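Undergrad: Submitted below is the structure of interest, expressed as structure tokens.
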Amino acid sequence: MRDPSSVAAVTPKDALRTLIAEAQAEGHAILDIYRSDRGPTAAIWRPGEYTVHERELGPGPFVRPSQYGVLGFFALEVDDERAGWWIGEYPVDRVSGRGIHVMPLGPVRADVAESLRYVLTVFGDDIHHVRIVPGYKRRHMEEAILRQGVHGGVRVAERVTGTSPVAHAWAYAMAAEAALHLVVPAPALLERTCLAELERLMSHLGDLAALSAATGTITAAADLYALKEKVLRFNQARFGHRYLRGRIAVGGGTPLALAPLGLASFADDAGREFGLVRGALDHTTSFLDRLHGAGRLRGGAGLGIRVTGVVEKSSGQSSDLRWSRAYGAYSDLTAHLRPVVVESPDAFGRYRVRVEEVLQSLEMLKSLGSRTELQAGAPTGESLGTGFGLVEAPRGRLFYRVAVRGQDVTGVRIATPSSLNWPAVPVALAAHNILQDFPIIDASFSLSVAGLDL
Amino acid sequence: MLYPRWLYHFVRRPAVGPYPFRADPEALARPGQVLRTTRQFGRSLAVRHVDGGSSNGCESELSLLGSPVYDWSRFGFGFTPSPRHADLLLVTGIITEAMVPHIRETYDAMPEPKLVVAIGGCAGGEQDYFAGMPGVIGDLGKVVPVAARVFGCPPSPNDILATLLAVVEAPAARQAERLT
């Protein structure tokens with residue numbers, strides 16, 4: 001036990017800063033800080049390891065990371081029921097002076113866009129400073145999961161981000177299964193892997209189509225949207241839902257056999273069509289010129305903010321969980337593939353990563369179709385009522401912590417890839433870009449606001 | 001170089017689905033609830049979308065309406081950036097209190113005649129997961145007068161298109177009746 005007087009001298013902010021400094025020195029990632037039965041606890045994970053460790057923080061003051069993630073910007077909040085939900089501001093200097101004006105954009109903006117306010121400080125056409133104001137669509141997802149119980153919670157998790165329900169359902173199920181000590185049968189793991197890759201394919205095709213539309217390349221946008229619709233119809237025909245909802249259940253459910261689904265021929269067809277569009281786009285200078293240098297994360301800013309997923313891979317580094325954690329059927333699937341890494345932290349790099357990942361997902365789907373048994377099963381460690389789920393969602397690393405007592409869920413924490421990546425958007429926007437680049441940069445990140453306003 | 005792609009599409013038959021001129025196995029998976037229709041609109045319909053707290057799924061389906069498979073512009077529909085030009089307002093999501101003033105403001109900014117369509121089970125008031133949550137209204141009808149509701153989570157683009165055509169009693173819908 002520490003001396004109470006010395007504990008009182010440490011502010012919550014200092015305690016968290018010390019923890020973060022230690023984690024950075026040792027190469028850990030702090031996924032979550034929460035109150036467990038044993039007091040304040042941190043969930044700590046070393047990239048490359050399968051298990052997530054719990055670490056008790058001692059009787060110090062309890063801090064809760066902001067919506068932006070622990071290692072994002074330091075918008076902290078003392079755990080106080082009265083504090084409620086609070087939106088942190090970015091610690092960026094304000095810009096003022098003659099000729100500079102503030103341009104609010106949103107929450108009603110663009111053609112089809114989610115509710116979010118951008119506060120752009122501009123000088124003529126140049127964007128000098130950007131602030132993001134979320135909070136318009138908070139739906140209390142974590143509380144909604146608590147209400148539904150362990151087995152019903154997966155249906156709510158599917159609705160956190162509508163375009164990546166499989167990743168959310170899988171991460172939730174993985175956490176709940178670890179907490180309940182359930183071993184998932186191999187056919188269920190195979191089906192989940194197949195669903196996750198179909199979802200990645202669908203999500204990336206939609207993002208690429210939106211990027212083509214933002215650059216005015218409407219022929220390619222039409223082709224890519226049609227291809228996305230093809231994937232959605234395949235999902236509907238084979239799995240009963242366009243966005244693959246309702247398939248994943250805690251404990252495994254009733255998985256489908258993948259062999260008779262025709263995955264290989266579908267992946268062949270889709271790959272041929274995608275190859276044609278991609279080949280055309282790679283030779284369209286009007287498209288590529290708009291991407292090069294737009295929304296560049298300068299001087300390793302992306303890695304400093306600890307972005308994840310597509311944004312991280314375009315910054316020349318990959319911590320893709322399919323390789324580093326090898327959950328589900330990925331230990332076999334990823335054996336002969338390498339994670340995509342591109343050294344170009346701008347819109348072009350993000351386009352490049354998405355294209356390569358689409359091709360990779362198609363490869364994986366082809367080999368999944370001919371697979372009947374799974375080699376490596378997922379180990380389940382010792383559980384103390386709290387389980388962790390780490391899954392590579394289409395947009396990056398997705399983390400769930402689920403605490404279970406009986407059939408009730410007593411605690412949930414969701415850290416979405418979008419919430420980790422949003423802090424990089426203002427930095428990328430206010431880096432020598434003009435207003436005309438704004439839709440392109442927005443589309444190149446393609447983050448969901450639903451994943452930020454949980 | 002997208003000209004070869006453009007030419008390829010030019011000589012090929014259109015990618016658009018058979019709906020509404022013939023039955024599409026996916027069309028009308030779940031018919032929407034139409035409360036009010038009008039014939040006041042002609043062949044050009046400007047549509048404004050507002051997200052009232054959705055999961056992003058409805059947005060994904062709405063963005064597919066402009067794709068060659070659904071091609072809603074053949075009926076005169078198109079998204080407009082300004083509510084001042086909008087005839088139809090599509091609202092998605094669970095309707096949070098934070099979005100209520102913005103939905104009302106958008107509605108007030110639209111010129112008459114104007115209609116509101118609730119897209120998805122959340123805005124239609126049949127989503128129970130969020131009932132009673134602080135700051136969640138749960139039904140678009142409590143905020144602005146609703147002309148139609150499209151259910152589903154998310155509703156398929158065909159369902160959305162079918163309901164929109166029914167609401168405005170578009171010439172295409174009448175033409176489809178003549179054809180069949």
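Ligands are numbered from 1 in the order shown, residues from 1 within each chain, and chains are lettered A, B, ... in the order they appear in the structure tokens.
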I want to know what sits within 12 Å of B:Gly132, based on only C-alpha atoms, with residues of the same chain fewer than 3 positions away left out; could you give that as an NGL selection string?

TA: (:A and (139-140 or 143-144 or 147)) or (:B and (94 or 96 or 127-129 or 135-139))

Undergrad: What's the 9 Å shell around B:Thr37, counting only C-alpha atoms, without same-chain residues fewer than 5 positions away, as a ChimeraX atom specification?

TA: /B:115,147-148,166-169

Undergrad: Keeping only C-alpha atoms, take the residues you just selected and write them out as a short mmCIF file (atom, residue, chain, number, x, y, z; two decimals), in the first residue's frame.

TA:
data_model
loop_
_atom_site.label_atom_id
_atom_site.label_comp_id
_atom_site.auth_asym_id
_atom_site.auth_seq_id
_atom_site.Cartn_x
_atom_site.Cartn_y
_atom_site.Cartn_z
CA LEU B 115 -42.26 16.07 -47.76
CA ALA B 147 -45.03 11.52 -45.10
CA ALA B 148 -43.62 7.99 -45.21
CA ALA B 166 -45.11 5.97 -54.05
CA VAL B 167 -44.88 9.18 -52.03
CA VAL B 168 -44.47 11.49 -55.00
CA GLU B 169 -46.67 9.32 -57.27
#

Undergrad: Using backbone DSSP assignments, extract all helix (DSSP H, G or I) residues from stretch 33-113 of chain B; output them as a ChimeraX atom specification.

TA: /B:57-64,72-75,83-85,97-109

Undergrad: Could those selected residues go to a file with N, CA and C atoms, as a short mmCIF file (atom, residue, chain, number, x, y, z; two decimals), in the first residue's frame?

TA:
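Output file result.cif follows:
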data_model
loop_
_atom_site.label_atom_id
_atom_site.label_comp_id
_atom_site.auth_asym_id
_atom_site.auth_seq_id
_atom_site.Cartn_x
_atom_site.Cartn_y
_atom_site.Cartn_z
N GLY B 57 -25.20 2.68 -41.61
CA GLY B 57 -25.69 1.68 -42.55
C GLY B 57 -26.66 2.28 -43.56
N CYS B 58 -27.58 3.14 -43.06
CA CYS B 58 -28.55 3.77 -43.95
C CYS B 58 -27.84 4.67 -44.96
N GLU B 59 -26.77 5.35 -44.52
CA GLU B 59 -26.01 6.21 -45.42
C GLU B 59 -25.39 5.39 -46.53
N SER B 60 -24.90 4.21 -46.16
CA SER B 60 -24.29 3.34 -47.16
C SER B 60 -25.31 2.95 -48.22
N GLU B 61 -26.54 2.66 -47.80
CA GLU B 61 -27.57 2.28 -48.76
C GLU B 61 -28.04 3.48 -49.57
N LEU B 62 -28.13 4.66 -48.92
CA LEU B 62 -28.55 5.86 -49.65
C LEU B 62 -27.55 6.21 -50.74
N SER B 63 -26.24 6.03 -50.45
CA SER B 63 -25.25 6.38 -51.45
C SER B 63 -25.31 5.43 -52.64
N LEU B 64 -25.90 4.23 -52.44
CA LEU B 64 -26.03 3.29 -53.56
C LEU B 64 -27.20 3.64 -54.48
N TRP B 72 -31.37 6.22 -59.45
CA TRP B 72 -32.61 6.95 -59.16
C TRP B 72 -32.72 8.24 -59.95
N SER B 73 -31.64 8.65 -60.61
CA SER B 73 -31.74 9.87 -61.40
C SER B 73 -32.62 9.66 -62.64
N ARG B 74 -32.88 8.38 -63.02
CA ARG B 74 -33.80 8.17 -64.16
C ARG B 74 -35.22 8.58 -63.80
N PHE B 75 -35.55 8.69 -62.52
CA PHE B 75 -36.86 9.18 -62.09
C PHE B 75 -36.81 10.65 -61.71
N PRO B 83 -30.71 22.81 -48.48
CA PRO B 83 -32.13 22.58 -48.19
C PRO B 83 -33.04 23.56 -48.93
N ARG B 84 -32.50 24.72 -49.33
CA ARG B 84 -33.31 25.71 -50.06
C ARG B 84 -33.82 25.17 -51.38
N HIS B 85 -33.10 24.19 -51.95
CA HIS B 85 -33.51 23.62 -53.23
C HIS B 85 -34.25 22.30 -53.07
N GLU B 97 -31.46 14.28 -29.46
CA GLU B 97 -31.89 15.64 -29.12
C GLU B 97 -30.96 16.69 -29.71
N ALA B 98 -29.67 16.34 -29.81
CA ALA B 98 -28.72 17.30 -30.37
C ALA B 98 -29.01 17.60 -31.83
N MET B 99 -29.66 16.67 -32.53
CA MET B 99 -29.93 16.89 -33.96
C MET B 99 -31.31 17.51 -34.21
N VAL B 100 -32.16 17.56 -33.19
CA VAL B 100 -33.53 18.07 -33.40
C VAL B 100 -33.54 19.49 -33.95
N PRO B 101 -32.79 20.45 -33.35
CA PRO B 101 -32.82 21.80 -33.93
C PRO B 101 -32.33 21.84 -35.38
N HIS B 102 -31.36 20.99 -35.71
CA HIS B 102 -30.83 21.00 -37.08
C HIS B 102 -31.82 20.38 -38.06
N ILE B 103 -32.56 19.36 -37.63
CA ILE B 103 -33.59 18.77 -38.51
C ILE B 103 -34.70 19.79 -38.74
N ARG B 104 -35.13 20.47 -37.63
CA ARG B 104 -36.20 21.48 -37.76
C ARG B 104 -35.75 22.62 -38.67
N GLU B 105 -34.50 23.06 -38.48
CA GLU B 105 -33.98 24.18 -39.27
C GLU B 105 -33.93 23.81 -40.76
N THR B 106 -33.47 22.59 -41.02
CA THR B 106 -33.42 22.13 -42.41
C THR B 106 -34.81 22.07 -43.00
N TYR B 107 -35.77 21.56 -42.21
CA TYR B 107 -37.15 21.45 -42.69
C TYR B 107 -37.72 22.84 -42.96
N ASP B 108 -37.48 23.78 -42.04
CA ASP B 108 -38.02 25.13 -42.21
C ASP B 108 -37.41 25.84 -43.41
N ALA B 109 -36.16 25.48 -43.73
CA ALA B 109 -35.48 26.15 -44.84
C ALA B 109 -35.98 25.66 -46.20
#

Undergrad: Give the answer as one residue: which of B:Leu165, B:Ser55, B:Val117, B:His9 has the shortest atom-to-atom distance to chain A, using only C-alpha atoms?

TA: B:Ser55

Undergrad: Between atom CA of B:Ile160 and atom CA of B:Val69, what is the spacing in Å?

TA: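 It comes out at 13.6 Å.
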
Undergrad: Write out as a list in words the residues lying within 9 Å of B:Pro145, counting only C-alpha atoms and excluding same-chain residues fewer than 3 positions away.

TA: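 Answer for this query is Leu115, Val116, Leu140, Gly141 and Lys142 of chain B.
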
Undergrad: Please write the residues from the selection above to a file, keeping C-alpha atoms, as a tab-separated table (two decimals), in the first residue's frame.

TA:
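Final output, saved to selection_39.tsv:
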chain	number	residue	atom	x	y	z
B	115	LEU	CA	-42.26	16.07	-47.76
B	116	VAL	CA	-40.26	14.17	-45.13
B	140	LEU	CA	-38.91	11.26	-36.45
B	141	GLY	CA	-42.68	11.82	-36.29
B	142	LYS	CA	-42.23	13.64	-32.97

Undergrad: Do you have, as CSV, the list of residues of chain A lying at most 6 Å from chain B, each with its nearest atom pair and that distance in Å to one decimal, counting only C-alpha atoms and ordered by chain then number?

TA:
residue,atom,partner,partner_atom,distance
A:Ala110,CA,B:Pro81,CA,5.6
A:Asp111,CA,B:Pro81,CA,5.6
A:Glu114,CA,B:Asp51,CA,5.5
A:Ser115,CA,B:Asp51,CA,5.6
A:Tyr136,CA,B:Ala98,CA,5.2
A:Lys137,CA,B:Gly53,CA,4.1
A:Arg159,CA,B:Ser55,CA,5.9
A:Val160,CA,B:Ser55,CA,5.9
A:Thr161,CA,B:Ser55,CA,4.9
A:Gly162,CA,B:Gly57,CA,4.0
A:Thr163,CA,B:Gly57,CA,5.4
A:Ala222,CA,B:Ser67,CA,5.5
A:Tyr225,CA,B:Ser67,CA,5.7
A:Ala280,CA,B:Met1,CA,5.4
A:His283,CA,B:Met1,CA,5.5
A:Thr284,CA,B:Met1,CA,4.7
A:Ala450,CA,B:Ser55,CA,5.4

Undergrad: Find the residues near stretch 263-271 of chain A: any atom within 7 Å, counting only C-alpha atoms, skip ones fewer than 3 places away on the same chain, and give them as a list in words.

TA: Phe274, Gly275, Leu362, Leu365, Lys366 and Gly369 of chain A

Undergrad: Give me the residues near A:Glu26 as a list of chain:residue names, where near means some atom within 12 Å (using only C-alpha atoms) and where sequence neighbours in that chain fewer than 3 positions away do not count.

TA: A:Leu19, A:Ile20, A:Ala21, A:Glu22, A:Ala23, A:Ala29, A:Ile30, A:Ile44, A:Trp45, A:Arg46, A:Pro47

Undergrad: Atoms to include: N, CA and C atoms. Write the selected residues as a compact mmCIF listing (two decimals), in the first residue's frame.

TA:
# COMPACT_ATOMS: atom_id res chain seq x y z
N LEU A 19 1.69 6.47 -16.67
CA LEU A 19 1.34 5.17 -17.25
C LEU A 19 1.65 5.14 -18.74
N ILE A 20 1.33 6.24 -19.42
CA ILE A 20 1.55 6.30 -20.87
C ILE A 20 3.05 6.32 -21.17
N ALA A 21 3.82 7.05 -20.34
CA ALA A 21 5.27 7.10 -20.56
C ALA A 21 5.88 5.72 -20.40
N GLU A 22 5.42 4.98 -19.39
CA GLU A 22 5.91 3.61 -19.19
C GLU A 22 5.56 2.73 -20.39
N ALA A 23 4.33 2.86 -20.85
CA ALA A 23 3.89 2.03 -21.96
C ALA A 23 4.71 2.31 -23.21
N ALA A 29 0.69 -1.15 -25.59
CA ALA A 29 -0.43 -0.28 -25.92
C ALA A 29 -1.43 -0.37 -24.77
N ILE A 30 -1.90 0.78 -24.29
CA ILE A 30 -2.94 0.78 -23.27
C ILE A 30 -4.27 0.81 -23.99
N ILE A 44 -3.58 -3.87 -20.86
CA ILE A 44 -2.33 -3.57 -21.56
C ILE A 44 -2.03 -4.69 -22.54
N TRP A 45 -1.58 -4.31 -23.71
CA TRP A 45 -1.36 -5.29 -24.77
C TRP A 45 -0.08 -4.94 -25.50
N ARG A 46 0.75 -5.97 -25.70
CA ARG A 46 1.97 -5.75 -26.47
C ARG A 46 1.68 -6.21 -27.90
N PRO A 47 1.83 -5.32 -28.89
CA PRO A 47 1.54 -5.72 -30.27
C PRO A 47 2.29 -7.00 -30.62

Undergrad: Go through A:Met364, A:Ala430, A:Met174, A:Val342 and flag the residue nearest A:Arg298, using only C-alpha atoms for the distances.

TA: A:Ala430

Undergrad: So how many Å separate atom CA of A:Ser164 and atom CA of A:Val130, to one decimal?

TA: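 Separating atom CA of A:Ser164 from atom CA of A:Val130 is a distance of 27.3 Å.
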
Undergrad: Atom CA of A:Ser367 and atom CA of A:Thr51 are how many Å apart?

TA: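 Separation between atom CA of A:Ser367 and atom CA of A:Thr51: 27.1 Å.
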
Undergrad: Looking only at strand (DSSP E or B) from DSSP on the backbone, list the matching residues of chain B as a VMD selection string.

TA: chain B and resid 33 to 34 45 to 51 77 to 79 88 to 92 96 115 to 119 136 148 to 150

Undergrad: Only C-alpha atoms, please: the residues just picked out, written as a tab-separated table (two decimals), in the first residue's frame.

TA:
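Contents of the output file again.tsv:
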chain	number	residue	atom	x	y	z
B	33	GLN	CA	-45.57	2.87	-44.66
B	34	VAL	CA	-46.92	5.67	-46.81
B	45	LEU	CA	-36.84	16.12	-57.38
B	46	ALA	CA	-34.11	17.54	-55.19
B	47	VAL	CA	-33.46	15.43	-52.11
B	48	ARG	CA	-31.72	16.54	-48.91
B	49	HIS	CA	-30.44	13.99	-46.42
B	50	VAL	CA	-29.94	14.61	-42.72
B	51	ASP	CA	-28.39	12.10	-40.34
B	77	PHE	CA	-34.21	12.19	-58.05
B	78	GLY	CA	-30.90	13.72	-57.05
B	79	PHE	CA	-29.18	14.87	-53.87
B	88	LEU	CA	-37.80	15.84	-50.12
B	89	LEU	CA	-36.06	15.45	-46.79
B	90	LEU	CA	-34.70	12.00	-45.93
B	91	VAL	CA	-33.83	11.55	-42.26
B	92	THR	CA	-31.94	8.53	-40.97
B	96	THR	CA	-30.95	12.49	-30.98
B	115	LEU	CA	-42.26	16.07	-47.76
B	116	VAL	CA	-40.26	14.17	-45.13
B	117	VAL	CA	-39.40	10.48	-45.34
B	118	ALA	CA	-38.00	8.54	-42.37
B	119	ILE	CA	-35.36	6.09	-43.56
B	136	VAL	CA	-32.72	9.89	-27.71
B	148	ALA	CA	-43.62	7.99	-45.21
B	149	ARG	CA	-41.52	5.49	-43.30
B	150	VAL	CA	-39.14	2.93	-44.79

Undergrad: Here is a test: counting only C-alpha atoms, which residue of A:Thr121, A:Thr18, A:Thr416, A:Gln24 is nearest to A:Phe399?

TA: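 Distance minimum relative to A:Phe399 lands on A:Thr416.
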